[in-house]
file work.txt (compact mmCIF, C-alpha atoms)
# COMPACT_ATOMS: atom_id res chain seq x y z
CA MET N 5 48.39 -54.88 19.90
CA ILE N 6 50.86 -53.38 22.36
CA ALA N 7 50.02 -54.95 25.75
CA HIS N 8 52.49 -53.04 27.91
CA LEU N 9 55.56 -50.84 27.84
CA ASN N 10 58.55 -51.43 30.08
CA GLY N 11 61.04 -48.62 29.75
CA ARG N 12 62.38 -45.27 30.82
CA LEU N 13 59.95 -42.52 31.77
CA VAL N 14 61.01 -39.50 29.71
CA GLU N 15 58.11 -37.13 30.37
CA LYS N 16 55.12 -37.20 32.73
CA ASN N 17 52.09 -34.91 32.49
CA ALA N 18 48.61 -35.11 33.99
CA THR N 19 47.14 -36.42 30.72
CA ASN N 20 50.05 -38.25 29.06
CA LEU N 21 53.45 -39.90 29.37
CA ILE N 22 56.36 -40.46 27.06
CA VAL N 23 58.01 -43.82 27.68
CA GLU N 24 61.22 -44.72 25.87
CA CYS N 25 61.56 -48.41 24.95
CA GLY N 26 64.43 -49.56 22.76
CA GLY N 27 65.21 -46.06 21.55
CA VAL N 28 61.59 -45.31 20.58
CA GLY N 29 59.54 -42.79 22.58
CA TYR N 30 55.89 -43.80 22.95
CA PHE N 31 53.28 -41.10 23.60
CA VAL N 32 50.72 -42.62 25.99
CA LYS N 33 47.45 -40.99 27.09
CA ILE N 34 46.64 -41.68 30.76
CA SER N 35 43.98 -41.05 33.41
CA LEU N 36 44.55 -38.91 36.49
CA HIS N 37 44.43 -42.12 38.54
CA THR N 38 47.40 -43.54 36.63
CA PHE N 39 49.19 -40.18 36.85
CA SER N 40 48.88 -40.18 40.64
CA LYS N 41 50.08 -43.79 40.95
CA ILE N 42 53.24 -43.36 38.87
CA GLY N 43 56.02 -42.11 41.08
CA LYS N 44 59.27 -40.45 40.17
CA GLU N 45 61.07 -43.69 39.28
CA GLU N 46 62.89 -43.68 35.98
CA GLN N 47 62.03 -47.26 34.92
CA ILE N 48 58.30 -47.99 34.68
CA LYS N 49 55.95 -50.63 33.40
CA ILE N 50 52.63 -49.41 32.06
CA TYR N 51 49.80 -51.53 30.64
CA THR N 52 48.46 -50.24 27.35
CA GLN N 53 45.57 -50.41 24.93
CA LEU N 54 46.05 -49.35 21.31
CA GLN N 55 43.10 -47.67 19.60
CA ILE N 56 43.30 -47.55 15.81
CA ARG N 57 41.06 -45.14 13.96
CA GLU N 58 41.06 -43.88 10.44
CA ASP N 59 42.84 -40.67 11.41
CA ALA N 60 44.97 -41.74 14.40
CA HIS N 61 46.69 -44.54 16.27
CA THR N 62 46.42 -43.70 19.98
CA LEU N 63 48.05 -45.56 22.85
CA TYR N 64 46.26 -45.42 26.23
CA GLY N 65 48.16 -46.36 29.39
CA PHE N 66 47.06 -47.77 32.74
CA TYR N 67 48.84 -48.35 36.02
CA ASP N 68 47.19 -51.74 36.57
CA LEU N 69 45.29 -54.41 34.64
CA LYS N 70 42.01 -53.71 36.46
CA GLU N 71 41.94 -50.16 35.12
CA ARG N 72 42.68 -51.39 31.58
CA ASP N 73 39.89 -53.98 31.84
CA MET N 74 37.43 -51.29 32.98
CA PHE N 75 38.55 -49.08 30.08
CA ASN N 76 37.80 -51.90 27.62
CA HIS N 77 34.38 -52.49 29.19
CA LEU N 78 33.54 -48.78 29.02
CA ILE N 79 34.48 -48.36 25.35
CA SER N 80 32.38 -51.39 24.45
CA VAL N 81 29.25 -49.35 25.28
CA SER N 82 27.70 -47.44 22.39
CA GLY N 83 28.29 -43.71 22.77
CA VAL N 84 31.35 -44.06 25.04
CA GLY N 85 34.60 -43.39 23.25
CA ALA N 86 38.15 -43.80 24.47
CA ASN N 87 38.49 -40.17 25.59
CA THR N 88 35.24 -40.39 27.57
CA ALA N 89 36.41 -43.63 29.18
CA ILE N 90 39.71 -41.98 30.21
CA LEU N 91 37.73 -39.05 31.60
CA MET N 92 35.55 -41.47 33.62
CA LEU N 93 38.66 -43.25 34.96
CA SER N 94 40.09 -39.86 35.92
CA ALA N 95 36.96 -38.89 37.86
CA LEU N 96 36.43 -42.27 39.58
CA THR N 97 38.58 -45.34 40.17
CA SER N 98 37.70 -48.52 38.32
CA ASP N 99 36.38 -49.93 41.63
CA GLU N 100 34.10 -46.93 42.13
CA ILE N 101 32.79 -47.16 38.56
CA ALA N 102 32.12 -50.90 39.01
CA ALA N 103 30.32 -50.25 42.31
CA ALA N 104 28.20 -47.50 40.72
CA ILE N 105 27.24 -49.79 37.83
CA VAL N 106 26.39 -52.77 40.05
CA GLY N 107 24.54 -50.51 42.50
CA GLU N 108 22.72 -48.78 39.61
CA ASN N 109 23.87 -45.39 40.90
CA VAL N 110 22.86 -43.30 37.88
CA SER N 111 23.51 -39.98 39.66
CA LEU N 112 27.14 -40.86 40.45
CA ILE N 113 27.85 -41.93 36.87
CA GLN N 114 26.02 -38.87 35.57
CA SER N 115 28.14 -36.60 37.80
CA ILE N 116 31.11 -37.29 35.49
CA LYS N 117 31.61 -34.53 32.93
CA GLY N 118 30.22 -35.51 29.53
CA ILE N 119 27.98 -38.33 30.79
CA GLY N 120 24.27 -37.67 30.41
CA LEU N 121 21.30 -39.60 31.75
CA LYS N 122 20.90 -41.86 28.71
CA THR N 123 24.60 -42.75 28.59
CA ALA N 124 24.64 -43.47 32.34
CA GLN N 125 21.61 -45.75 31.97
CA ARG N 126 23.15 -47.48 28.94
CA LEU N 127 26.37 -48.08 30.90
CA ILE N 128 24.42 -49.75 33.69
CA ILE N 129 22.31 -51.89 31.35
CA ASP N 130 25.22 -52.99 29.15
CA LEU N 131 27.85 -53.54 31.84
CA LYS N 132 25.99 -54.66 34.97
CA ASP N 133 26.38 -58.39 34.29
CA LYS N 134 29.98 -58.06 33.06
CA VAL N 135 31.13 -55.84 35.93
CA SER N 136 29.45 -57.93 38.65
CA LYS N 137 31.81 -60.76 37.67
CA ILE N 138 34.91 -58.57 38.13
CA ASP N 139 36.60 -58.75 41.51
CA PHE N 140 36.56 -55.21 42.86
CA ASN N 141 37.05 -53.93 46.39
CA ALA N 142 34.06 -54.74 48.60
CA GLU N 143 34.37 -51.53 50.61
CA ASN N 144 33.41 -49.53 47.52
CA ILE N 145 30.08 -51.34 47.15
CA PHE N 146 28.49 -49.45 50.03
CA ALA N 147 28.07 -45.71 50.19
CA SER N 148 28.87 -45.76 53.90
CA ASN N 149 32.08 -47.33 55.15
CA ASN N 150 30.36 -49.77 57.52
CA THR N 151 32.85 -52.55 58.14
CA ASN N 152 30.12 -54.92 59.36
CA GLN N 153 28.45 -54.69 55.94
CA ASN N 154 31.77 -55.29 54.20
CA ASP N 155 32.64 -58.23 56.46
CA ALA N 156 29.21 -59.79 55.96
CA LEU N 157 29.47 -59.41 52.17
CA THR N 158 32.97 -60.90 52.16
CA ALA N 159 31.73 -63.87 54.22
CA LEU N 160 28.78 -64.50 51.87
CA LEU N 161 31.06 -64.30 48.84
CA SER N 162 33.47 -66.79 50.40
CA LEU N 163 30.51 -69.13 50.92
CA GLY N 164 29.97 -69.06 47.16
CA PHE N 165 26.98 -66.71 46.89
CA ASP N 166 26.61 -64.35 43.93
CA LYS N 167 27.96 -60.85 44.69
CA LEU N 168 24.90 -59.06 43.33
CA LYS N 169 22.39 -61.22 45.23
CA ALA N 170 24.38 -61.00 48.46
CA ASP N 171 24.67 -57.22 48.13
CA LYS N 172 20.92 -56.81 47.55
CA ALA N 173 20.08 -59.06 50.50
CA ILE N 174 22.36 -57.11 52.85
CA LYS N 175 20.97 -53.77 51.71
CA LYS N 176 17.41 -54.98 52.47
CA ILE N 177 18.11 -55.91 56.09
CA ILE N 178 20.90 -53.61 57.24
CA THR N 179 20.56 -51.36 60.28
CA ASP N 180 23.22 -49.40 62.14
CA ASP N 181 23.69 -51.63 65.18
CA GLN N 182 23.79 -55.15 63.69
CA SER N 183 26.72 -57.47 64.22
CA VAL N 184 28.32 -59.29 61.29
CA GLU N 185 26.74 -62.57 62.43
CA GLU N 186 23.25 -61.04 62.55
CA ILE N 187 23.64 -59.56 59.08
CA ILE N 188 24.80 -62.89 57.65
CA LYS N 189 21.97 -64.87 59.31
CA GLN N 190 19.28 -62.48 58.06
CA ALA N 191 20.81 -62.27 54.58
CA LEU N 192 20.90 -66.06 54.30
CA LYS N 193 17.13 -66.15 54.91
CA ILE N 194 16.59 -63.79 51.96
CA ILE N 195 19.04 -65.39 49.54

call {"tool": "encode", "arguments": {"input": "work.txt", "output": "structure tokens"}}
result
Amino acid sequence: MIAHLNGRLVEKNATNLIVECGGVGYFVKISLHTFSKIGKEEQIKIYTQLQIREDAHTLYGFYDLKERDMFNHLISVSGVGANTAILMLSALTSDEIAAAIVGENVSLIQSIKGIGLKTAQRLIIDLKDKVSKIDFNAENIFASNNTNQNDALTALLSLGFDKLKADKAIKKIITDDQSVEEIIKQALKII
């Protein structure tokens, strides 16, 4: 397997790159997220995943390891191929996908082109336990950007509570005008 490429960026398009390493140009398929993160620098390092099929050897590239890990989780689900996974990572960041899976947000997953109801449900069922163990940004867990919710969740996680249980407890008791301390106290009663 080719784990990463460290070389000269020869060509950059919205869907692919060509990276020259040791005189060999590698064609790498990428997501829009990776495309936006790669600047104009000539020397780049890109994490990769090689997919070998009967008719093709395709190299997929990712700006960071978290995106590559999410790609591998997505393609492990029946009915989700590599191109669909890249499309999902182009529509949403890996943190947003993880938050949608943990939060069982079928409509958000289904809003991605090519993902139907059954595939969205299968993604949630197959990946919920795996994704809840991944460290993703807490601010993406909540639909609203309430910093008190985020701070309370971060505090509960630092106390050693399970992310999924802490998230559910906070969602049960949250109101608009609660302080972080009040949220934590009430959540501790539920957990």

call {"tool": "atom_distance", "arguments": {"input": "work.txt", "atom1": "atom CA of N:Gly83", "atom2": "atom CA of N:Lys169"}}
result
29.1 Å

call {"tool": "residues_near_point", "arguments": {"input": "work.txt", "point": "(17.8, -58.8, 49.7)", "cutoff": "10 Å", "atoms": "only C-alpha atoms", "output": "list of chain:residue names"}}
result
N:Leu168, N:Lys169, N:Ala170, N:Asp171, N:Lys172, N:Ala173, N:Ile174, N:Lys175, N:Lys176, N:Ile177, N:Ile178, N:Gln190, N:Ala191, N:Leu192, N:Lys193, N:Ile194, N:Ile195

call {"tool": "residues_around", "arguments": {"input": "work.txt", "residues": "N:Cys25", "least_positions_apart": "2", "cutoff": "8 Å", "atoms": "all atoms listed in the file", "output": "list in words"}}
result
Leu9, Asn10, Gly11, Arg12, Val23, Gly27, Val28, Gly29 and Tyr30 of chain N

call {"tool": "closest_residue", "arguments": {"input": "work.txt", "among": "N:Leu36, N:Ala18, N:Met92, N:Val110", "to": "N:Gln125", "atoms": "only C-alpha atoms"}}
result
N:Val110

call {"tool": "closest_residue", "arguments": {"input": "work.txt", "among": "N:Thr62, N:Thr38, N:Ser183, N:Gln153", "to": "N:Ser94", "atoms": "all atoms listed in the file"}}
result
N:Thr38

call {"tool": "closest_residue", "arguments": {"input": "work.txt", "among": "N:Glu45, N:Glu186, N:Glu100, N:Glu24", "to": "N:Ala156", "atoms": "all atoms listed in the file"}}
result
N:Glu186

call {"tool": "residues_around", "arguments": {"input": "work.txt", "residues": "stretch 69-78 of chain N", "least_positions_apart": "4", "cutoff": "12 Å", "atoms": "all atoms listed in the file", "output": "PyMOL selection string"}}
result
chain N and resi 7-8+34-38+41+49-55+63-65+82-94+96-103+105+113+119+123-124+126-141

call {"tool": "write_last_selection", "arguments": {"input": "work.txt", "atoms": "C-alpha atoms", "output": "compact mmCIF listing (two decimals), in the coordinates of the input"}}
result
# COMPACT_ATOMS: atom_id res chain seq x y z
CA ALA N 7 50.02 -54.95 25.75
CA HIS N 8 52.49 -53.04 27.91
CA ILE N 34 46.64 -41.68 30.76
CA SER N 35 43.98 -41.05 33.41
CA LEU N 36 44.55 -38.91 36.49
CA HIS N 37 44.43 -42.12 38.54
CA THR N 38 47.40 -43.54 36.63
CA LYS N 41 50.08 -43.79 40.95
CA LYS N 49 55.95 -50.63 33.40
CA ILE N 50 52.63 -49.41 32.06
CA TYR N 51 49.80 -51.53 30.64
CA THR N 52 48.46 -50.24 27.35
CA GLN N 53 45.57 -50.41 24.93
CA LEU N 54 46.05 -49.35 21.31
CA GLN N 55 43.10 -47.67 19.60
CA LEU N 63 48.05 -45.56 22.85
CA TYR N 64 46.26 -45.42 26.23
CA GLY N 65 48.16 -46.36 29.39
CA SER N 82 27.70 -47.44 22.39
CA GLY N 83 28.29 -43.71 22.77
CA VAL N 84 31.35 -44.06 25.04
CA GLY N 85 34.60 -43.39 23.25
CA ALA N 86 38.15 -43.80 24.47
CA ASN N 87 38.49 -40.17 25.59
CA THR N 88 35.24 -40.39 27.57
CA ALA N 89 36.41 -43.63 29.18
CA ILE N 90 39.71 -41.98 30.21
CA LEU N 91 37.73 -39.05 31.60
CA MET N 92 35.55 -41.47 33.62
CA LEU N 93 38.66 -43.25 34.96
CA SER N 94 40.09 -39.86 35.92
CA LEU N 96 36.43 -42.27 39.58
CA THR N 97 38.58 -45.34 40.17
CA SER N 98 37.70 -48.52 38.32
CA ASP N 99 36.38 -49.93 41.63
CA GLU N 100 34.10 -46.93 42.13
CA ILE N 101 32.79 -47.16 38.56
CA ALA N 102 32.12 -50.90 39.01
CA ALA N 103 30.32 -50.25 42.31
CA ILE N 105 27.24 -49.79 37.83
CA ILE N 113 27.85 -41.93 36.87
CA ILE N 119 27.98 -38.33 30.79
CA THR N 123 24.60 -42.75 28.59
CA ALA N 124 24.64 -43.47 32.34
CA ARG N 126 23.15 -47.48 28.94
CA LEU N 127 26.37 -48.08 30.90
CA ILE N 128 24.42 -49.75 33.69
CA ILE N 129 22.31 -51.89 31.35
CA ASP N 130 25.22 -52.99 29.15
CA LEU N 131 27.85 -53.54 31.84
CA LYS N 132 25.99 -54.66 34.97
CA ASP N 133 26.38 -58.39 34.29
CA LYS N 134 29.98 -58.06 33.06
CA VAL N 135 31.13 -55.84 35.93
CA SER N 136 29.45 -57.93 38.65
CA LYS N 137 31.81 -60.76 37.67
CA ILE N 138 34.91 -58.57 38.13
CA ASP N 139 36.60 -58.75 41.51
CA PHE N 140 36.56 -55.21 42.86
CA ASN N 141 37.05 -53.93 46.39

call {"tool": "atom_distance", "arguments": {"input": "work.txt", "atom1": "atom CA of N:Gln114", "atom2": "atom CA of N:Leu157"}}
result
26.6 Å

call {"tool": "closest_residue", "arguments": {"input": "work.txt", "among": "N:Ile56, N:Ser40, N:Phe31, N:Leu121", "to": "N:Met5", "atoms": "all atoms listed in the file"}}
result
N:Ile56

call {"tool": "closest_residue", "arguments": {"input": "work.txt", "among": "N:Lys44, N:Thr158, N:Gly164, N:Phe66", "to": "N:Asn20", "atoms": "all atoms listed in the file"}}
result
N:Phe66

call {"tool": "decode", "arguments": {"input": "work.txt", "residues": "stretch 42-167 of chain N", "atoms": "C-alpha atoms", "output": "PDB file, in the first residue's frame"}}
result
ATOM      1  CA  ILE N  42      -3.854  22.380  -0.661  1.00  0.00           C
ATOM      2  CA  GLY N  43      -2.310  25.743  -1.364  1.00  0.00           C
ATOM      3  CA  LYS N  44      -0.061  26.833  -4.179  1.00  0.00           C
ATOM      4  CA  GLU N  45       3.121  25.390  -2.641  1.00  0.00           C
ATOM      5  CA  GLU N  46       5.222  23.296  -4.955  1.00  0.00           C
ATOM      6  CA  GLN N  47       6.238  20.614  -2.413  1.00  0.00           C
ATOM      7  CA  ILE N  48       3.330  18.772  -0.795  1.00  0.00           C
ATOM      8  CA  LYS N  49       2.644  15.772   1.361  1.00  0.00           C
ATOM      9  CA  ILE N  50      -0.617  13.957   0.729  1.00  0.00           C
ATOM     10  CA  TYR N  51      -1.933  10.883   2.552  1.00  0.00           C
ATOM     11  CA  THR N  52      -3.176   8.180   0.223  1.00  0.00           C
ATOM     12  CA  GLN N  53      -5.272   5.044  -0.013  1.00  0.00           C
ATOM     13  CA  LEU N  54      -4.767   2.631  -2.899  1.00  0.00           C
ATOM     14  CA  GLN N  55      -7.860   0.838  -4.208  1.00  0.00           C
ATOM     15  CA  ILE N  56      -7.155  -2.212  -6.350  1.00  0.00           C
ATOM     16  CA  ARG N  57      -9.926  -3.568  -8.530  1.00  0.00           C
ATOM     17  CA  GLU N  58      -9.946  -5.994 -11.376  1.00  0.00           C
ATOM     18  CA  ASP N  59      -9.977  -3.212 -13.964  1.00  0.00           C
ATOM     19  CA  ALA N  60      -8.081  -0.388 -12.216  1.00  0.00           C
ATOM     20  CA  HIS N  61      -5.595   0.633  -9.555  1.00  0.00           C
ATOM     21  CA  THR N  62      -6.787   3.986  -8.180  1.00  0.00           C
ATOM     22  CA  LEU N  63      -4.957   6.198  -5.716  1.00  0.00           C
ATOM     23  CA  TYR N  64      -7.112   8.445  -3.489  1.00  0.00           C
ATOM     24  CA  GLY N  65      -5.507  11.382  -1.685  1.00  0.00           C
ATOM     25  CA  PHE N  66      -6.359  13.208   1.533  1.00  0.00           C
ATOM     26  CA  TYR N  67      -5.039  16.355   3.160  1.00  0.00           C
ATOM     27  CA  ASP N  68      -5.042  14.815   6.651  1.00  0.00           C
ATOM     28  CA  LEU N  69      -5.217  11.419   8.344  1.00  0.00           C
ATOM     29  CA  LYS N  70      -8.694  12.052   9.769  1.00  0.00           C
ATOM     30  CA  GLU N  71     -10.151  12.376   6.282  1.00  0.00           C
ATOM     31  CA  ARG N  72      -8.393   9.172   5.163  1.00  0.00           C
ATOM     32  CA  ASP N  73      -9.726   7.321   8.222  1.00  0.00           C
ATOM     33  CA  MET N  74     -13.273   8.503   7.465  1.00  0.00           C
ATOM     34  CA  PHE N  75     -12.839   7.389   3.838  1.00  0.00           C
ATOM     35  CA  ASN N  76     -11.852   3.893   5.014  1.00  0.00           C
ATOM     36  CA  HIS N  77     -14.837   3.741   7.381  1.00  0.00           C
ATOM     37  CA  LEU N  78     -17.218   4.831   4.613  1.00  0.00           C
ATOM     38  CA  ILE N  79     -16.012   2.272   2.058  1.00  0.00           C
ATOM     39  CA  SER N  80     -16.361  -0.492   4.642  1.00  0.00           C
ATOM     40  CA  VAL N  81     -20.154  -0.068   4.443  1.00  0.00           C
ATOM     41  CA  SER N  82     -21.932  -2.257   1.906  1.00  0.00           C
ATOM     42  CA  GLY N  83     -23.156  -0.184  -1.028  1.00  0.00           C
ATOM     43  CA  VAL N  84     -20.657   2.670  -0.519  1.00  0.00           C
ATOM     44  CA  GLY N  85     -17.824   2.615  -3.013  1.00  0.00           C
ATOM     45  CA  ALA N  86     -14.701   4.736  -3.162  1.00  0.00           C
ATOM     46  CA  ASN N  87     -16.215   7.299  -5.543  1.00  0.00           C
ATOM     47  CA  THR N  88     -19.283   7.700  -3.314  1.00  0.00           C
ATOM     48  CA  ALA N  89     -17.034   8.123  -0.272  1.00  0.00           C
ATOM     49  CA  ILE N  90     -15.040  10.851  -2.064  1.00  0.00           C
ATOM     50  CA  LEU N  91     -18.316  12.521  -3.036  1.00  0.00           C
ATOM     51  CA  MET N  92     -19.450  12.431   0.617  1.00  0.00           C
ATOM     52  CA  LEU N  93     -16.122  13.923   1.755  1.00  0.00           C
ATOM     53  CA  SER N  94     -16.538  16.639  -0.866  1.00  0.00           C
ATOM     54  CA  ALA N  95     -20.023  17.546   0.367  1.00  0.00           C
ATOM     55  CA  LEU N  96     -19.231  17.400   4.113  1.00  0.00           C
ATOM     56  CA  THR N  97     -16.051  17.395   6.173  1.00  0.00           C
ATOM     57  CA  SER N  98     -15.103  14.214   7.996  1.00  0.00           C
ATOM     58  CA  ASP N  99     -16.144  15.923  11.264  1.00  0.00           C
ATOM     59  CA  GLU N 100     -19.581  16.766   9.862  1.00  0.00           C
ATOM     60  CA  ILE N 101     -20.076  13.211   8.582  1.00  0.00           C
ATOM     61  CA  ALA N 102     -19.051  11.806  11.991  1.00  0.00           C
ATOM     62  CA  ALA N 103     -21.432  14.193  13.772  1.00  0.00           C
ATOM     63  CA  ALA N 104     -24.288  13.234  11.421  1.00  0.00           C
ATOM     64  CA  ILE N 105     -23.659   9.529  12.015  1.00  0.00           C
ATOM     65  CA  VAL N 106     -23.407   9.843  15.803  1.00  0.00           C
ATOM     66  CA  GLY N 107     -26.428  12.168  15.892  1.00  0.00           C
ATOM     67  CA  GLU N 108     -28.365   9.813  13.575  1.00  0.00           C
ATOM     68  CA  ASN N 109     -29.075  12.709  11.202  1.00  0.00           C
ATOM     69  CA  VAL N 110     -30.441  10.689   8.278  1.00  0.00           C
ATOM     70  CA  SER N 111     -31.642  13.771   6.388  1.00  0.00           C
ATOM     71  CA  LEU N 112     -28.173  15.383   6.360  1.00  0.00           C
ATOM     72  CA  ILE N 113     -26.520  12.194   5.101  1.00  0.00           C
ATOM     73  CA  GLN N 114     -29.306  11.710   2.572  1.00  0.00           C
ATOM     74  CA  SER N 115     -28.803  15.282   1.285  1.00  0.00           C
ATOM     75  CA  ILE N 116     -25.526  14.129  -0.309  1.00  0.00           C
ATOM     76  CA  LYS N 117     -25.936  13.310  -4.002  1.00  0.00           C
ATOM     77  CA  GLY N 118     -26.190   9.558  -4.573  1.00  0.00           C
ATOM     78  CA  ILE N 119     -27.087   8.643  -0.977  1.00  0.00           C
ATOM     79  CA  GLY N 120     -30.584   7.266  -0.539  1.00  0.00           C
ATOM     80  CA  LEU N 121     -32.541   6.521   2.619  1.00  0.00           C
ATOM     81  CA  LYS N 122     -31.400   2.900   2.942  1.00  0.00           C
ATOM     82  CA  THR N 123     -27.730   3.756   2.421  1.00  0.00           C
ATOM     83  CA  ALA N 124     -27.946   6.611   4.952  1.00  0.00           C
ATOM     84  CA  GLN N 125     -29.531   4.277   7.509  1.00  0.00           C
ATOM     85  CA  ARG N 126     -26.928   1.577   6.799  1.00  0.00           C
ATOM     86  CA  LEU N 127     -24.122   4.125   7.294  1.00  0.00           C
ATOM     87  CA  ILE N 128     -25.522   5.065  10.698  1.00  0.00           C
ATOM     88  CA  ILE N 129     -26.054   1.466  11.816  1.00  0.00           C
ATOM     89  CA  ASP N 130     -22.656   0.221  10.618  1.00  0.00           C
ATOM     90  CA  LEU N 131     -20.512   3.180  11.650  1.00  0.00           C
ATOM     91  CA  LYS N 132     -22.122   4.669  14.758  1.00  0.00           C
ATOM     92  CA  ASP N 133     -19.989   2.695  17.230  1.00  0.00           C
ATOM     93  CA  LYS N 134     -16.789   3.094  15.194  1.00  0.00           C
ATOM     94  CA  VAL N 135     -17.217   6.828  14.590  1.00  0.00           C
ATOM     95  CA  SER N 136     -18.178   7.634  18.193  1.00  0.00           C
ATOM     96  CA  LYS N 137     -14.671   6.493  19.179  1.00  0.00           C
ATOM     97  CA  ILE N 138     -13.008   8.894  16.722  1.00  0.00           C
ATOM     98  CA  ASP N 139     -11.957  12.257  18.102  1.00  0.00           C
ATOM     99  CA  PHE N 140     -13.796  14.834  16.027  1.00  0.00           C
ATOM    100  CA  ASN N 141     -14.487  18.492  16.718  1.00  0.00           C
ATOM    101  CA  ALA N 142     -17.091  18.938  19.453  1.00  0.00           C
ATOM    102  CA  GLU N 143     -18.576  22.054  17.878  1.00  0.00           C
ATOM    103  CA  ASN N 144     -19.845  19.955  14.970  1.00  0.00           C
ATOM    104  CA  ILE N 145     -21.898  17.703  17.252  1.00  0.00           C
ATOM    105  CA  PHE N 146     -24.588  20.322  17.765  1.00  0.00           C
ATOM    106  CA  ALA N 147     -26.672  21.853  15.026  1.00  0.00           C
ATOM    107  CA  SER N 148     -26.515  25.227  16.761  1.00  0.00           C
ATOM    108  CA  ASN N 149     -23.185  26.771  17.652  1.00  0.00           C
ATOM    109  CA  ASN N 150     -23.954  27.124  21.369  1.00  0.00           C
ATOM    110  CA  THR N 151     -20.606  27.391  23.116  1.00  0.00           C
ATOM    111  CA  ASN N 152     -22.131  26.448  26.485  1.00  0.00           C
ATOM    112  CA  GLN N 153     -23.181  23.088  25.027  1.00  0.00           C
ATOM    113  CA  ASN N 154     -19.721  22.574  23.557  1.00  0.00           C
ATOM    114  CA  ASP N 155     -17.979  23.560  26.796  1.00  0.00           C
ATOM    115  CA  ALA N 156     -20.212  21.262  28.838  1.00  0.00           C
ATOM    116  CA  LEU N 157     -19.577  18.347  26.466  1.00  0.00           C
ATOM    117  CA  THR N 158     -15.825  18.971  26.545  1.00  0.00           C
ATOM    118  CA  ALA N 159     -15.897  19.029  30.360  1.00  0.00           C
ATOM    119  CA  LEU N 160     -17.839  15.745  30.550  1.00  0.00           C
ATOM    120  CA  LEU N 161     -15.458  14.104  28.087  1.00  0.00           C
ATOM    121  CA  SER N 162     -12.460  15.244  30.115  1.00  0.00           C
ATOM    122  CA  LEU N 163     -14.084  13.652  33.171  1.00  0.00           C
ATOM    123  CA  GLY N 164     -14.019  10.338  31.306  1.00  0.00           C
ATOM    124  CA  PHE N 165     -17.658  10.016  30.242  1.00  0.00           C
ATOM    125  CA  ASP N 166     -18.590   8.377  26.936  1.00  0.00           C
ATOM    126  CA  LYS N 167     -19.098  10.948  24.149  1.00  0.00           C
TER     127      LYS N 167
END
